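Okay, so here's the structure we're looking at.
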Amino acid sequence: MTARQRHLEHLPPGAQPGPQSRRRRSDVRIRGWIAPALALAGVLSLVSFAASAAGFDTPIPDLRIGIGGTDLFSLAVAGVLIGIAFTYWRKANPRRDPRVAIELDRRVRRGQEVRALVAGMPERTAVEVSLTCRVHWDQRKRSSASGDSRGSTTRVVAEATAWEDFAQASPSSEAHLRLPADQPYSHEGSVISFAWLITARTMVDGKRSRPSMPVAVWVDP
Amino acid sequence: MRLALELDGPAPPGGELRGRVVVAEGGTCRLLEVAIRLCERSRDYAEETVFAHAILTREGERRDGESFPFALPVPVQAGPPVNTEWGGLNWEVRARADMALKRDPEVRQGLPLTGA
């Protein structure tokens with residue numbers, strides 16, 4: 001699954017994204033340019049530092065602040081820009097464990113039990129399976145430009161975990177999780193959406209590894 | 001003008017909801033309508049989407065006790081209300097009269113579903 005498709009990972013195959021999920025797709029496309037743009041700016045700053053250190057004119061003269069004959073400022077700017085670019089990229093591409101995969105029934109009702117089958121489970125390793133209800137809700141974000149006390153508002157899609165439960169996979173690689181009857185059912189809406197996801201992660205010496213790719217399950221009322 | 005909503009009983013998702021809009025207090029309206037709507041809200045926003053709609057009568061004088069039966073298809077995805085700290089959703093039946101130069105009287109009721 002590419003970063004551009006990751007915003008749809010909460011939907012099982014065949015489920016259509018709602019108006020809010022389609023809006024998130026546009027946001028993800030726009031934000032997808034931030035990391036490459038910052039990385040490019042960081043590389044330009046590095047080139048500027050290298051050129052300055054080698055005694056050439058820098059391609060970004062405004063960034064030059066000579067400290068002892070070496071443009072350390074360019075190096076610092078490059079480091080900050082590349083660091084921010086990596087943070088953005090990592091947020092869009094979270095670490096996942098490719099060894100562990102989950103198979104399950106894709107459509108269940110509230111109050112029923114989900115049987116998850118963990119594939120690729122390493123021998124003599126405990127596997128923790130989590131069932132999560134993720135909520136996406138429209139949030140008003142205020143930003144005030146300098147000199148403008150009124151500011152402006154933007155409609156963004158915020159994400160939160162509404163409910164979560166864990167179970168240990170049995171030696172036969174099975175985990176049974178019960179969907180609570182009093183929690184939200186799957187819903188793709190305009191203002192608020194609810195999605196159910198199952199992930200697995202290995203546990204070694206009580207430490208959790210990174211999670212597997214989440215598998216979406218559609219929960220009927 | 002005042003309206004009342006009488007439903008025959010709960011209906012299954014994908015089924016049909018039957019009932020009637022009763023004029024509890026008469027008056028002249030331009031339109032009398034009934035709809036099944038999904039009301040979504042988050043902490044900062046709210047939106048309502050109409051899934052089924054019927055116009056029961058057009059312009060005219062409505063007398064006390066007059067009744068307008070209706071049958072609306074219940075959406076297959078309809079479910080019970082959901083409330084969380086981030087927002088929620090609610091399926092409802094709404095009857096409304098469109099009045100000239102007056103506040104439109106309306107009556108709302110949660111969508112009764114079988115098995116919900």
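Note on naming: chains are A, B, ... as they come in the structure tokens, residues start from 1 per chain, ligands start from 1 in the order shown.
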
Report task. Would you return as a ChimeraX atom specification the members of chain B that DSSP assigns to strand (DSSP E or B) on this structure's backbone? Result -> /B:2-7,11,16-25,27-42,46-62,67-73,82-84,87-98,106-110,113

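Around A:Leu11, within 7 Å and counting only C-alpha atoms, the residues found are Leu8, Ala15 and Ala216 of chain A, once anything fewer than 3 positions away on its own chain is removed.
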
Just-selected residues, C-alpha atoms written as a JSON list (two decimals), in the first residue's frame:
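Output file selection_32.json is given in full below:
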[["chain", "number", "residue", "atom", "x", "y", "z"],
["A", 8, "LEU", "CA", -8.03, 4.29, 2.75],
["A", 15, "ALA", "CA", -16.22, -0.57, 0.69],
["A", 216, "ALA", "CA", -9.99, -3.37, 8.08]]

Query - Option closest in space to A:Leu117, from A:Arg96, A:His176, A:Arg90, A:Arg155 [counting only C-alpha atoms] - result: A:His176

Query - Counting only C-alpha atoms, chain B residues within 12 Å of chain A, as an MDAnalysis selection string - result: chainID B and resid 12:13 38:49 76:90 113:116

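Atom pair atom CA of A:Glu9 / atom CA of A:Val215 has a distance of 7.4 Å (rounded to one decimal).
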
Query raised in the report: So which residues touch B:Ile36 within 10 Å, counting only C-alpha atoms, skipping near sequence neighbours fewer than 4 positions away, as a PyMOL selection string?
Result: chain B and resi 17+49-54+72-75+78+91-95+108-111

Residues from last step as file, N, CA and C atoms, as a PDB file, in the first residue's frame:
ATOM      1  N   LEU B  17     -40.761   2.262   6.141  1.00  0.00           N
ATOM      2  CA  LEU B  17     -41.303   2.879   7.354  1.00  0.00           C
ATOM      3  C   LEU B  17     -42.654   3.500   7.007  1.00  0.00           C
ATOM      4  N   THR B  49     -28.150  14.871   6.071  1.00  0.00           N
ATOM      5  CA  THR B  49     -28.304  14.325   4.723  1.00  0.00           C
ATOM      6  C   THR B  49     -29.667  13.644   4.627  1.00  0.00           C
ATOM      7  N   VAL B  50     -30.419  14.005   3.597  1.00  0.00           N
ATOM      8  CA  VAL B  50     -31.742  13.398   3.383  1.00  0.00           C
ATOM      9  C   VAL B  50     -31.571  12.120   2.569  1.00  0.00           C
ATOM     10  N   PHE B  51     -32.103  11.013   3.072  1.00  0.00           N
ATOM     11  CA  PHE B  51     -32.003   9.728   2.368  1.00  0.00           C
ATOM     12  C   PHE B  51     -33.326   9.315   1.725  1.00  0.00           C
ATOM     13  N   ALA B  52     -34.428   9.732   2.300  1.00  0.00           N
ATOM     14  CA  ALA B  52     -35.747   9.433   1.713  1.00  0.00           C
ATOM     15  C   ALA B  52     -36.660  10.606   2.021  1.00  0.00           C
ATOM     16  N   HIS B  53     -37.513  10.954   1.055  1.00  0.00           N
ATOM     17  CA  HIS B  53     -38.274  12.194   1.202  1.00  0.00           C
ATOM     18  C   HIS B  53     -39.610  12.045   0.476  1.00  0.00           C
ATOM     19  N   ALA B  54     -40.658  12.607   1.058  1.00  0.00           N
ATOM     20  CA  ALA B  54     -41.970  12.588   0.384  1.00  0.00           C
ATOM     21  C   ALA B  54     -42.691  13.898   0.668  1.00  0.00           C
ATOM     22  N   LEU B  72     -41.930   5.423   3.616  1.00  0.00           N
ATOM     23  CA  LEU B  72     -40.592   5.820   3.151  1.00  0.00           C
ATOM     24  C   LEU B  72     -39.650   4.626   3.202  1.00  0.00           C
ATOM     25  N   PRO B  73     -38.782   4.475   2.191  1.00  0.00           N
ATOM     26  CA  PRO B  73     -37.801   3.381   2.241  1.00  0.00           C
ATOM     27  C   PRO B  73     -36.720   3.679   3.287  1.00  0.00           C
ATOM     28  N   VAL B  74     -36.433   2.697   4.122  1.00  0.00           N
ATOM     29  CA  VAL B  74     -35.398   2.864   5.149  1.00  0.00           C
ATOM     30  C   VAL B  74     -34.048   2.497   4.529  1.00  0.00           C
ATOM     31  N   PRO B  75     -33.047   3.373   4.617  1.00  0.00           N
ATOM     32  CA  PRO B  75     -31.728   3.059   4.030  1.00  0.00           C
ATOM     33  C   PRO B  75     -31.123   1.796   4.652  1.00  0.00           C
ATOM     34  N   ALA B  78     -28.846   2.252   7.709  1.00  0.00           N
ATOM     35  CA  ALA B  78     -29.375   2.905   8.918  1.00  0.00           C
ATOM     36  C   ALA B  78     -29.058   2.077  10.154  1.00  0.00           C
ATOM     37  N   TRP B  91     -30.005   8.806  13.148  1.00  0.00           N
ATOM     38  CA  TRP B  91     -30.988   8.697  12.067  1.00  0.00           C
ATOM     39  C   TRP B  91     -32.332   9.167  12.613  1.00  0.00           C
ATOM     40  N   GLU B  92     -33.030   9.988  11.851  1.00  0.00           N
ATOM     41  CA  GLU B  92     -34.292  10.515  12.368  1.00  0.00           C
ATOM     42  C   GLU B  92     -35.336  10.669  11.259  1.00  0.00           C
ATOM     43  N   VAL B  93     -36.592  10.745  11.703  1.00  0.00           N
ATOM     44  CA  VAL B  93     -37.714  11.052  10.798  1.00  0.00           C
ATOM     45  C   VAL B  93     -38.127  12.478  11.132  1.00  0.00           C
ATOM     46  N   ARG B  94     -38.295  13.291  10.105  1.00  0.00           N
ATOM     47  CA  ARG B  94     -38.690  14.677  10.358  1.00  0.00           C
ATOM     48  C   ARG B  94     -39.862  15.055   9.462  1.00  0.00           C
ATOM     49  N   ALA B  95     -40.889  15.606  10.073  1.00  0.00           N
ATOM     50  CA  ALA B  95     -42.009  16.166   9.299  1.00  0.00           C
ATOM     51  C   ALA B  95     -41.922  17.676   9.438  1.00  0.00           C
ATOM     52  N   ARG B 108     -39.629  16.033  15.040  1.00  0.00           N
ATOM     53  CA  ARG B 108     -38.566  15.052  14.763  1.00  0.00           C
ATOM     54  C   ARG B 108     -38.725  13.854  15.707  1.00  0.00           C
ATOM     55  N   GLN B 109     -38.305  12.710  15.208  1.00  0.00           N
ATOM     56  CA  GLN B 109     -38.335  11.500  16.016  1.00  0.00           C
ATOM     57  C   GLN B 109     -37.213  10.585  15.551  1.00  0.00           C
ATOM     58  N   GLY B 110     -36.556   9.915  16.477  1.00  0.00           N
ATOM     59  CA  GLY B 110     -35.510   8.971  16.103  1.00  0.00           C
ATOM     60  C   GLY B 110     -36.078   7.860  15.223  1.00  0.00           C
ATOM     61  N   LEU B 111     -35.297   7.425  14.247  1.00  0.00           N
ATOM     62  CA  LEU B 111     -35.781   6.381  13.335  1.00  0.00           C
ATOM     63  C   LEU B 111     -35.861   5.043  14.081  1.00  0.00           C
TER      64      LEU B 111
END

Query - alpha helix (DSSP H) per DSSP on the backbone: members of stretch 37-186 of chain A, as a PyMOL selection string - result: chain A and resi 37-53+72-92

May I have the residues from that selection written out with N, CA and C atoms, as a compact mmCIF listing (two decimals), in the first residue's frame?
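Result written to selection.txt:
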# COMPACT_ATOMS: atom_id res chain seq x y z
N ALA A 37 9.61 18.65 -0.95
CA ALA A 37 10.01 20.07 -1.08
C ALA A 37 11.02 20.44 0.02
N LEU A 38 10.75 19.98 1.25
CA LEU A 38 11.68 20.28 2.35
C LEU A 38 13.01 19.58 2.15
N ALA A 39 12.95 18.32 1.67
CA ALA A 39 14.20 17.57 1.43
C ALA A 39 15.03 18.26 0.35
N LEU A 40 14.36 18.76 -0.69
CA LEU A 40 15.07 19.47 -1.77
C LEU A 40 15.73 20.74 -1.23
N ALA A 41 14.99 21.48 -0.39
CA ALA A 41 15.55 22.70 0.21
C ALA A 41 16.75 22.35 1.09
N GLY A 42 16.67 21.23 1.81
CA GLY A 42 17.78 20.79 2.65
C GLY A 42 19.00 20.43 1.82
N VAL A 43 18.78 19.75 0.70
CA VAL A 43 19.89 19.37 -0.18
C VAL A 43 20.55 20.63 -0.76
N LEU A 44 19.71 21.62 -1.13
CA LEU A 44 20.26 22.88 -1.65
C LEU A 44 21.12 23.57 -0.60
N SER A 45 20.68 23.52 0.66
CA SER A 45 21.47 24.12 1.74
C SER A 45 22.79 23.37 1.92
N LEU A 46 22.73 22.03 1.76
CA LEU A 46 23.96 21.24 1.86
C LEU A 46 24.94 21.61 0.75
N VAL A 47 24.38 21.76 -0.47
CA VAL A 47 25.21 22.16 -1.60
C VAL A 47 25.83 23.52 -1.33
N SER A 48 25.00 24.41 -0.74
CA SER A 48 25.48 25.74 -0.41
C SER A 48 26.66 25.67 0.57
N PHE A 49 26.48 24.78 1.58
CA PHE A 49 27.56 24.61 2.57
C PHE A 49 28.81 24.04 1.91
N ALA A 50 28.63 23.03 1.05
CA ALA A 50 29.78 22.39 0.41
C ALA A 50 30.50 23.39 -0.49
N ALA A 51 29.70 24.18 -1.24
CA ALA A 51 30.32 25.16 -2.14
C ALA A 51 31.06 26.22 -1.34
N SER A 52 30.44 26.60 -0.22
CA SER A 52 31.08 27.63 0.62
C SER A 52 32.39 27.11 1.20
N ALA A 53 32.33 25.83 1.66
CA ALA A 53 33.54 25.25 2.25
C ALA A 53 34.65 25.10 1.22
N LEU A 72 28.49 27.59 8.47
CA LEU A 72 27.84 26.61 9.34
C LEU A 72 26.33 26.77 9.37
N PHE A 73 25.90 28.00 9.09
CA PHE A 73 24.46 28.25 9.11
C PHE A 73 23.74 27.40 8.06
N SER A 74 24.34 27.31 6.85
CA SER A 74 23.75 26.48 5.79
C SER A 74 23.66 25.03 6.22
N LEU A 75 24.69 24.58 6.94
CA LEU A 75 24.69 23.19 7.41
C LEU A 75 23.57 22.96 8.42
N ALA A 76 23.41 23.95 9.33
CA ALA A 76 22.35 23.83 10.33
C ALA A 76 20.98 23.84 9.67
N VAL A 77 20.78 24.74 8.70
CA VAL A 77 19.50 24.83 7.99
C VAL A 77 19.22 23.52 7.27
N ALA A 78 20.27 22.96 6.62
CA ALA A 78 20.11 21.69 5.90
C ALA A 78 19.67 20.59 6.85
N GLY A 79 20.32 20.56 8.02
CA GLY A 79 19.98 19.52 9.01
C GLY A 79 18.54 19.64 9.47
N VAL A 80 18.10 20.86 9.76
CA VAL A 80 16.73 21.07 10.24
C VAL A 80 15.72 20.70 9.15
N LEU A 81 15.98 21.16 7.92
CA LEU A 81 15.03 20.89 6.82
C LEU A 81 14.91 19.40 6.54
N ILE A 82 16.06 18.72 6.50
CA ILE A 82 16.02 17.28 6.22
C ILE A 82 15.36 16.53 7.38
N GLY A 83 15.59 17.00 8.59
CA GLY A 83 14.94 16.38 9.76
C GLY A 83 13.43 16.52 9.70
N ILE A 84 12.95 17.72 9.36
CA ILE A 84 11.50 17.94 9.27
C ILE A 84 10.92 17.11 8.12
N ALA A 85 11.66 17.07 6.99
CA ALA A 85 11.20 16.28 5.83
C ALA A 85 11.06 14.81 6.22
N PHE A 86 12.04 14.29 6.99
CA PHE A 86 11.97 12.89 7.41
C PHE A 86 10.78 12.66 8.34
N THR A 87 10.53 13.63 9.23
CA THR A 87 9.40 13.50 10.15
C THR A 87 8.09 13.42 9.38
N TYR A 88 7.92 14.29 8.38
CA TYR A 88 6.71 14.28 7.55
C TYR A 88 6.59 12.95 6.81
N TRP A 89 7.71 12.50 6.25
CA TRP A 89 7.69 11.25 5.47
C TRP A 89 7.35 10.06 6.36
N ARG A 90 7.92 10.06 7.58
CA ARG A 90 7.67 8.94 8.49
C ARG A 90 6.21 8.92 8.94
N LYS A 91 5.62 10.12 9.09
CA LYS A 91 4.22 10.19 9.49
C LYS A 91 3.32 9.60 8.39
N ALA A 92 3.71 9.85 7.14
CA ALA A 92 2.93 9.32 6.01
C ALA A 92 3.24 7.86 5.74

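Between atom CA of A:Val219 and atom CA of A:Thr199 lies a distance of 15.9 Å.
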
Report task. Within 10 Å of B:Val107, counting only C-alpha atoms, which residues show up once you throw out same-chain ones fewer than 6 positions away? Write them as a list of chain:residue names, please. Result -> B:Arg2, B:Leu3, B:Ala4, B:Leu5, B:Val21, B:Val34, B:Val93, B:Arg94, B:Ala95, B:Arg96, B:Ala97

Query raised in the report: Expressed in Å to a single decimal, how great is the separation between atom CA of A:Trp163 and atom CA of A:Val108?
Result: 16.7 Å

Query raised in the report: So which one's closest to B:Gly26, B:Leu7, B:Ala71, B:Leu56, B:Met99? Using only C-alpha atoms, please.
Result: B:Met99

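Using only C-alpha atoms, the contacts of A:Ala195 at a cut-off of 6 Å, with sequence neighbours closer than 5 positions omitted, comprise His10, Cys133, Arg134 and Ser186 of chain A.
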